[in-house]
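Shown next: input.pdb, containing PDB, C-alpha atoms and all ligand atoms.
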```pdb
ATOM      1  CA  MET G 289     -41.882  17.898  52.601  1.00  0.00           C
ATOM      2  CA  THR G 290     -38.355  17.977  53.901  1.00  0.00           C
ATOM      3  CA  HIS G 291     -36.765  16.349  56.932  1.00  0.00           C
ATOM      4  CA  ASP G 292     -36.882  19.756  58.632  1.00  0.00           C
ATOM      5  CA  ALA G 293     -40.627  20.069  58.075  1.00  0.00           C
ATOM      6  CA  PHE G 294     -41.333  16.657  59.597  1.00  0.00           C
ATOM      7  CA  MET G 295     -38.999  17.395  62.481  1.00  0.00           C
ATOM      8  CA  ARG G 296     -40.921  20.604  63.129  1.00  0.00           C
ATOM      9  CA  GLN G 297     -44.035  18.488  63.585  1.00  0.00           C
ATOM     10  CA  ALA G 298     -42.110  16.300  66.026  1.00  0.00           C
ATOM     11  CA  ILE G 299     -41.072  19.460  67.887  1.00  0.00           C
ATOM     12  CA  THR G 300     -44.701  20.595  68.053  1.00  0.00           C
ATOM     13  CA  THR G 301     -45.584  17.176  69.474  1.00  0.00           C
ATOM     14  CA  ALA G 302     -42.780  17.509  72.034  1.00  0.00           C
ATOM     15  CA  GLN G 303     -44.152  20.875  73.123  1.00  0.00           C
ATOM     16  CA  ALA G 304     -47.593  19.314  73.477  1.00  0.00           C
ATOM     17  CA  ALA G 305     -46.064  16.551  75.605  1.00  0.00           C
ATOM     18  CA  GLN G 306     -44.613  19.100  77.977  1.00  0.00           C
ATOM     19  CA  LYS G 307     -47.927  20.949  78.111  1.00  0.00           C
ATOM     20  CA  ASP G 308     -49.642  17.658  78.960  1.00  0.00           C
ATOM     21  CA  GLY G 309     -47.239  17.134  81.861  1.00  0.00           C
ATOM     22  CA  GLY G 310     -44.807  14.815  80.113  1.00  0.00           C
ATOM     23  CA  VAL G 311     -41.254  15.380  78.937  1.00  0.00           C
ATOM     24  CA  ALA G 312     -40.612  17.556  75.870  1.00  0.00           C
ATOM     25  CA  ILE G 313     -39.812  14.689  73.522  1.00  0.00           C
ATOM     26  CA  GLY G 314     -41.936  14.008  70.440  1.00  0.00           C
ATOM     27  CA  ALA G 315     -42.120  11.609  67.528  1.00  0.00           C
ATOM     28  CA  VAL G 316     -44.057  11.439  64.266  1.00  0.00           C
ATOM     29  CA  LEU G 317     -44.454   8.587  61.808  1.00  0.00           C
ATOM     30  CA  VAL G 318     -44.654   9.474  58.130  1.00  0.00           C
ATOM     31  CA  HIS G 319     -45.800   7.379  55.159  1.00  0.00           C
ATOM     32  CA  ALA G 320     -42.669   7.585  53.046  1.00  0.00           C
ATOM     33  CA  ALA G 321     -44.351   7.530  49.635  1.00  0.00           C
ATOM     34  CA  THR G 322     -46.982  10.199  50.320  1.00  0.00           C
ATOM     35  CA  GLY G 323     -45.449  12.263  53.119  1.00  0.00           C
ATOM     36  CA  LYS G 324     -48.594  11.803  55.180  1.00  0.00           C
ATOM     37  CA  VAL G 325     -48.123  11.942  58.954  1.00  0.00           C
ATOM     38  CA  VAL G 326     -50.025   8.903  60.236  1.00  0.00           C
ATOM     39  CA  ALA G 327     -49.278   9.131  63.968  1.00  0.00           C
ATOM     40  CA  THR G 328     -47.635  11.246  66.628  1.00  0.00           C
ATOM     41  CA  GLY G 329     -46.278  10.251  70.026  1.00  0.00           C
ATOM     42  CA  GLU G 330     -45.525  12.138  73.221  1.00  0.00           C
ATOM     43  CA  SER G 331     -43.240  11.130  76.084  1.00  0.00           C
ATOM     44  CA  LEU G 332     -45.710  10.453  78.904  1.00  0.00           C
ATOM     45  CA  VAL G 333     -43.821   8.316  81.412  1.00  0.00           C
ATOM     46  CA  GLY G 334     -44.451  10.678  84.336  1.00  0.00           C
ATOM     47  CA  ILE G 335     -48.192  10.821  83.713  1.00  0.00           C
ATOM     48  CA  THR G 336     -48.901   7.226  82.810  1.00  0.00           C
ATOM     49  CA  LYS G 337     -46.393   5.772  85.306  1.00  0.00           C
ATOM     50  CA  ASP G 338     -45.446   3.487  82.448  1.00  0.00           C
ATOM     51  CA  PRO G 339     -41.679   3.342  81.960  1.00  0.00           C
ATOM     52  CA  THR G 340     -42.160   2.311  78.326  1.00  0.00           C
ATOM     53  CA  SER G 341     -44.318   5.332  77.505  1.00  0.00           C
ATOM     54  CA  HIS G 342     -41.644   6.994  75.380  1.00  0.00           C
ATOM     55  CA  ALA G 343     -42.578   9.227  72.441  1.00  0.00           C
ATOM     56  CA  GLU G 344     -41.380   6.723  69.828  1.00  0.00           C
ATOM     57  CA  ILE G 345     -43.142   3.753  71.458  1.00  0.00           C
ATOM     58  CA  ASN G 346     -46.389   5.707  71.760  1.00  0.00           C
ATOM     59  CA  CYS G 347     -46.090   6.787  68.115  1.00  0.00           C
ATOM     60  CA  ILE G 348     -45.481   3.226  66.905  1.00  0.00           C
ATOM     61  CA  ARG G 349     -48.346   1.875  69.041  1.00  0.00           C
ATOM     62  CA  THR G 350     -50.780   4.486  67.744  1.00  0.00           C
ATOM     63  CA  ALA G 351     -49.768   3.891  64.131  1.00  0.00           C
ATOM     64  CA  SER G 352     -49.964   0.100  64.377  1.00  0.00           C
ATOM     65  CA  LYS G 353     -53.377   0.292  65.977  1.00  0.00           C
ATOM     66  CA  GLN G 354     -54.738   2.706  63.374  1.00  0.00           C
ATOM     67  CA  LEU G 355     -53.178   0.922  60.416  1.00  0.00           C
ATOM     68  CA  HIS G 356     -53.979  -2.564  61.787  1.00  0.00           C
ATOM     69  CA  THR G 357     -50.463  -3.848  61.176  1.00  0.00           C
ATOM     70  CA  ASP G 358     -47.217  -4.511  62.986  1.00  0.00           C
ATOM     71  CA  ASP G 359     -45.305  -3.970  59.734  1.00  0.00           C
ATOM     72  CA  LEU G 360     -44.342  -0.333  59.276  1.00  0.00           C
ATOM     73  CA  TYR G 361     -41.770  -0.904  56.549  1.00  0.00           C
ATOM     74  CA  ASP G 362     -43.304   1.845  54.384  1.00  0.00           C
ATOM     75  CA  TYR G 363     -42.929   4.463  57.099  1.00  0.00           C
ATOM     76  CA  THR G 364     -40.261   6.806  58.394  1.00  0.00           C
ATOM     77  CA  LEU G 365     -39.893   7.779  62.035  1.00  0.00           C
ATOM     78  CA  TYR G 366     -38.866  11.262  63.126  1.00  0.00           C
ATOM     79  CA  CYS G 367     -38.036  11.934  66.776  1.00  0.00           C
ATOM     80  CA  THR G 368     -36.708  14.987  68.544  1.00  0.00           C
ATOM     81  CA  LEU G 369     -34.156  13.033  70.573  1.00  0.00           C
ATOM     82  CA  GLU G 370     -31.855  10.153  69.682  1.00  0.00           C
ATOM     83  CA  PRO G 371     -33.928   7.063  70.511  1.00  0.00           C
ATOM     84  CA  CYS G 372     -32.975   4.948  73.510  1.00  0.00           C
ATOM     85  CA  SER G 373     -32.166   1.247  73.090  1.00  0.00           C
ATOM     86  CA  MET G 374     -35.776   0.232  73.747  1.00  0.00           C
ATOM     87  CA  CYS G 375     -37.178   2.576  71.105  1.00  0.00           C
ATOM     88  CA  LEU G 376     -34.537   1.748  68.521  1.00  0.00           C
ATOM     89  CA  GLY G 377     -35.390  -1.910  69.114  1.00  0.00           C
ATOM     90  CA  ALA G 378     -39.116  -1.221  68.803  1.00  0.00           C
ATOM     91  CA  ALA G 379     -38.551   0.575  65.498  1.00  0.00           C
ATOM     92  CA  ALA G 380     -36.586  -2.425  64.252  1.00  0.00           C
ATOM     93  CA  TRP G 381     -39.322  -4.834  65.352  1.00  0.00           C
ATOM     94  CA  ALA G 382     -41.806  -2.609  63.488  1.00  0.00           C
ATOM     95  CA  ARG G 383     -39.519  -2.877  60.431  1.00  0.00           C
ATOM     96  CA  ILE G 384     -39.171   0.900  60.148  1.00  0.00           C
ATOM     97  CA  PRO G 385     -36.234   1.279  57.738  1.00  0.00           C
ATOM     98  CA  HIS G 386     -35.425   4.955  58.252  1.00  0.00           C
ATOM     99  CA  VAL G 387     -35.242   6.884  61.504  1.00  0.00           C
ATOM    100  CA  TYR G 388     -34.299  10.558  61.707  1.00  0.00           C
ATOM    101  CA  PHE G 389     -33.702  12.285  65.012  1.00  0.00           C
ATOM    102  CA  GLY G 390     -32.889  15.822  66.146  1.00  0.00           C
ATOM    103  CA  ALA G 391     -30.719  16.108  69.228  1.00  0.00           C
ATOM    104  CA  TYR G 392     -28.018  13.591  70.027  1.00  0.00           C
ATOM    105  CA  ARG G 393     -27.968  12.155  73.532  1.00  0.00           C
ATOM    106  CA  LYS G 394     -24.687  14.014  74.036  1.00  0.00           C
ATOM    107  CA  ASP G 395     -26.551  17.306  73.384  1.00  0.00           C
ATOM    108  CA  VAL G 396     -28.771  16.955  76.430  1.00  0.00           C
ATOM    109  CA  ASP G 397     -28.293  16.222  80.115  1.00  0.00           C
ATOM    110  CA  ALA G 398     -26.122  13.112  80.153  1.00  0.00           C
ATOM    111  CA  SER G 399     -27.558  12.008  83.481  1.00  0.00           C
ATOM    112  CA  LEU G 400     -30.798  11.121  81.684  1.00  0.00           C
ATOM    113  CA  PHE G 401     -29.126   8.321  79.749  1.00  0.00           C
ATOM    114  CA  ASP G 402     -26.941   5.283  79.880  1.00  0.00           C
ATOM    115  CA  THR G 403     -23.966   7.095  78.443  1.00  0.00           C
ATOM    116  CA  ASP G 404     -22.080   3.973  77.441  1.00  0.00           C
ATOM    117  CA  THR G 405     -24.669   3.077  74.803  1.00  0.00           C
ATOM    118  CA  PRO G 406     -23.167   3.386  71.318  1.00  0.00           C
ATOM    119  CA  ASN G 407     -24.880   6.012  69.223  1.00  0.00           C
ATOM    120  CA  ASP G 408     -27.839   4.998  67.107  1.00  0.00           C
ATOM    121  CA  GLU G 409     -26.210   5.884  63.803  1.00  0.00           C
ATOM    122  CA  ALA G 410     -23.483   3.353  64.528  1.00  0.00           C
ATOM    123  CA  ARG G 411     -25.893   0.719  65.826  1.00  0.00           C
ATOM    124  CA  ALA G 412     -28.506   1.004  63.085  1.00  0.00           C
ATOM    125  CA  PRO G 413     -26.685  -1.081  60.454  1.00  0.00           C
ATOM    126  CA  HIS G 414     -26.662  -3.945  62.981  1.00  0.00           C
ATOM    127  CA  MET G 415     -30.376  -3.733  63.761  1.00  0.00           C
ATOM    128  CA  ASN G 416     -32.121  -6.528  61.924  1.00  0.00           C
ATOM    129  CA  LEU G 417     -35.475  -5.621  60.412  1.00  0.00           C
ATOM    130  CA  ARG G 418     -36.574  -9.277  60.514  1.00  0.00           C
ATOM    131  CA  GLU G 419     -35.550 -10.100  56.955  1.00  0.00           C
ATOM    132  CA  ALA G 420     -31.852  -9.407  57.088  1.00  0.00           C
ATOM    133  CA  THR G 421     -32.316  -5.849  55.906  1.00  0.00           C
ATOM    134  CA  SER G 422     -30.862  -3.229  58.206  1.00  0.00           C
ATOM    135  CA  MET G 423     -32.182   0.136  59.269  1.00  0.00           C
ATOM    136  CA  GLN G 424     -30.651   3.543  58.670  1.00  0.00           C
ATOM    137  CA  VAL G 425     -30.565   6.209  61.329  1.00  0.00           C
ATOM    138  CA  GLN G 426     -29.484   9.800  60.903  1.00  0.00           C
ATOM    139  CA  GLY G 427     -29.348  12.462  63.589  1.00  0.00           C
ATOM    140  CA  GLY G 428     -28.812  16.175  63.724  1.00  0.00           C
ATOM    141  CA  ILE G 429     -32.051  17.315  62.036  1.00  0.00           C
ATOM    142  CA  LEU G 430     -32.797  20.701  63.697  1.00  0.00           C
ATOM    143  CA  GLU G 431     -30.384  19.489  66.371  1.00  0.00           C
ATOM    144  CA  HIS G 432     -30.207  22.667  68.444  1.00  0.00           C
ATOM    145  CA  GLU G 433     -33.937  23.333  68.450  1.00  0.00           C
ATOM    146  CA  CYS G 434     -34.588  19.765  69.539  1.00  0.00           C
ATOM    147  CA  ALA G 435     -31.915  19.941  72.259  1.00  0.00           C
ATOM    148  CA  SER G 436     -33.249  23.236  73.586  1.00  0.00           C
ATOM    149  CA  LEU G 437     -36.610  21.550  74.247  1.00  0.00           C
ATOM    150  CA  LEU G 438     -34.881  19.670  77.062  1.00  0.00           C
ATOM    151  CA  ALA G 439     -32.752  22.521  78.392  1.00  0.00           C
ATOM    152  CA  GLY G 440     -33.219  22.841  82.142  1.00  0.00           C
ATOM    153  CA  TYR G 441     -35.212  19.613  82.274  1.00  0.00           C
ATOM    154  CA  HIS G 442     -33.615  18.610  85.565  1.00  0.00           C
ATOM    155  CA  ASP G 443     -34.206  21.997  87.165  1.00  0.00           C
ATOM    156  CA  ARG G 444     -37.853  21.786  86.240  1.00  0.00           C
ATOM    157  CA  ALA G 445     -38.108  18.223  87.519  1.00  0.00           C
ATOM    158  CA  LYS G 446     -36.481  19.237  90.791  1.00  0.00           C
ATOM    159  CA  HIS G 447     -39.052  21.953  91.289  1.00  0.00           C
ATOM    160  CA  GLY G 448     -41.871  19.622  90.457  1.00  0.00           C
ATOM    161  CA  ALA G 449     -42.913  21.501  87.338  1.00  0.00           C
TER     162      ALA G 449
HETATM  163 ZN    ZN Z 501     -37.083   5.451  74.223  1.00  0.00          ZN
END
```
Show this structure as structure tokens.
Amino acid sequence: MTHDAFMRQAITTAQAAQKDGGVAIGAVLVHAATGKVVATGESLVGITKDPTSHAEINCIRTASKQLHTDDLYDYTLYCTLEPCSMCLGAAAWARIPHVYFGAYRKDVDASLFDTDTPNDEARAPHMNLREATSMQVQGGILEHECASLLAGYHDRAKHGA
């Protein structure tokens, strides 16, 4: 499977998140050697009232629980939106060496983010995966499709939808 194919599964997860009342952001974790999707995660902050309930965190939690390990070095994370600092940090703590994302933070409503944060691609080489190996992050996979998931997010939020 290609990066696009895995990102499409993340997009499907994002659409499910929105349907469930969350924000249209999704993540999937893939076993790198076999291409098997082992977990998905939806952004559910609004529903759970848990500020850490981001798609990537939920994906990592589900995977770790199912696989009975906190070491996800053999896995690759795909997310529809450039991970925030918390999620990038969580991926590093989980020792996930490769992260691919769709839309850049600059592609979506800037008011959703701390805009001064350096982009993840630049930060990744400095993220320590616990054994002095660094992670690699690449964005722009199905960038426009992933960004369009969040188009009008603020208008919808304003109207309580
Ligand atoms: Zn996050």
- prompt: CA of Ile335 in chain G to CA of Thr301 in chain G: how many Å, to one decimal?
  reply: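 Here the two named atoms are 15.8 Å from each other.
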Work out where the centre of an axis-aligned box around every listed atom of range 322-335 of chain G lies and how long its edges are once 5 Å is added on each side; give both in Å to one decimal as JSON.
```
{"center_x": -46.6, "center_y": 10.3, "center_z": 67.3, "size_x": 16.8, "size_y": 13.9, "size_z": 44.0}
```
Closest atom pairs, residues of chain G within 12 Å of ligand ZN 501 (chain Z), only C-alpha atoms and all ligand atoms, as a tab-separated table:
```
residue	atom	partner	partner_atom	distance
G:Val311	CA	Z:ZN501	ZN	11.8
G:Ile313	CA	Z:ZN501	ZN	9.7
G:Gly314	CA	Z:ZN501	ZN	10.5
G:Ala315	CA	Z:ZN501	ZN	10.4
G:Gly329	CA	Z:ZN501	ZN	11.2
G:Glu330	CA	Z:ZN501	ZN	10.8
G:Ser331	CA	Z:ZN501	ZN	8.6
G:Leu332	CA	Z:ZN501	ZN	11.0
G:Val333	CA	Z:ZN501	ZN	10.3
G:Asp338	CA	Z:ZN501	ZN	11.9
G:Pro339	CA	Z:ZN501	ZN	9.2
G:Thr340	CA	Z:ZN501	ZN	7.2
G:Ser341	CA	Z:ZN501	ZN	7.9
G:His342	CA	Z:ZN501	ZN	5.0
G:Ala343	CA	Z:ZN501	ZN	6.9
G:Glu344	CA	Z:ZN501	ZN	6.3
G:Ile345	CA	Z:ZN501	ZN	6.9
G:Asn346	CA	Z:ZN501	ZN	9.6
G:Cys347	CA	Z:ZN501	ZN	11.0
G:Ile348	CA	Z:ZN501	ZN	11.4
G:Cys367	CA	Z:ZN501	ZN	9.9
G:Thr368	CA	Z:ZN501	ZN	11.1
G:Leu369	CA	Z:ZN501	ZN	8.9
G:Glu370	CA	Z:ZN501	ZN	8.4
G:Pro371	CA	Z:ZN501	ZN	5.1
G:Cys372	CA	Z:ZN501	ZN	4.2
G:Ser373	CA	Z:ZN501	ZN	6.6
G:Met374	CA	Z:ZN501	ZN	5.4
G:Cys375	CA	Z:ZN501	ZN	4.2
G:Leu376	CA	Z:ZN501	ZN	7.3
G:Gly377	CA	Z:ZN501	ZN	9.1
G:Ala378	CA	Z:ZN501	ZN	8.8
G:Ala379	CA	Z:ZN501	ZN	10.1
G:Phe389	CA	Z:ZN501	ZN	12.0
G:Arg393	CA	Z:ZN501	ZN	11.3
G:Leu400	CA	Z:ZN501	ZN	11.3
G:Phe401	CA	Z:ZN501	ZN	10.1
G:Asp402	CA	Z:ZN501	ZN	11.6
G:Asp408	CA	Z:ZN501	ZN	11.7
```
- request: Run the PyMOL selection byres (((chain G and resi 362) around 8) and not hetatm) against the file shown and list the residues it catches, as a list of chain:residue names.
  value: G:His319, G:Ala320, G:Ala321, G:Leu360, G:Tyr361, G:Tyr363, G:Thr364, G:Ile384, G:Pro385
- request: Could you tell me how far CA of Val325 in chain G lies from CA of Glu419 in chain G, in Å and to one decimal?
  value: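 According to the coordinates, CA of Val325 in chain G and CA of Glu419 in chain G are separated by 25.5 Å.
Atom pair CA of Leu438 in chain G / CA of Phe294 in chain G has a distance of 18.9 Å (rounded to one decimal).
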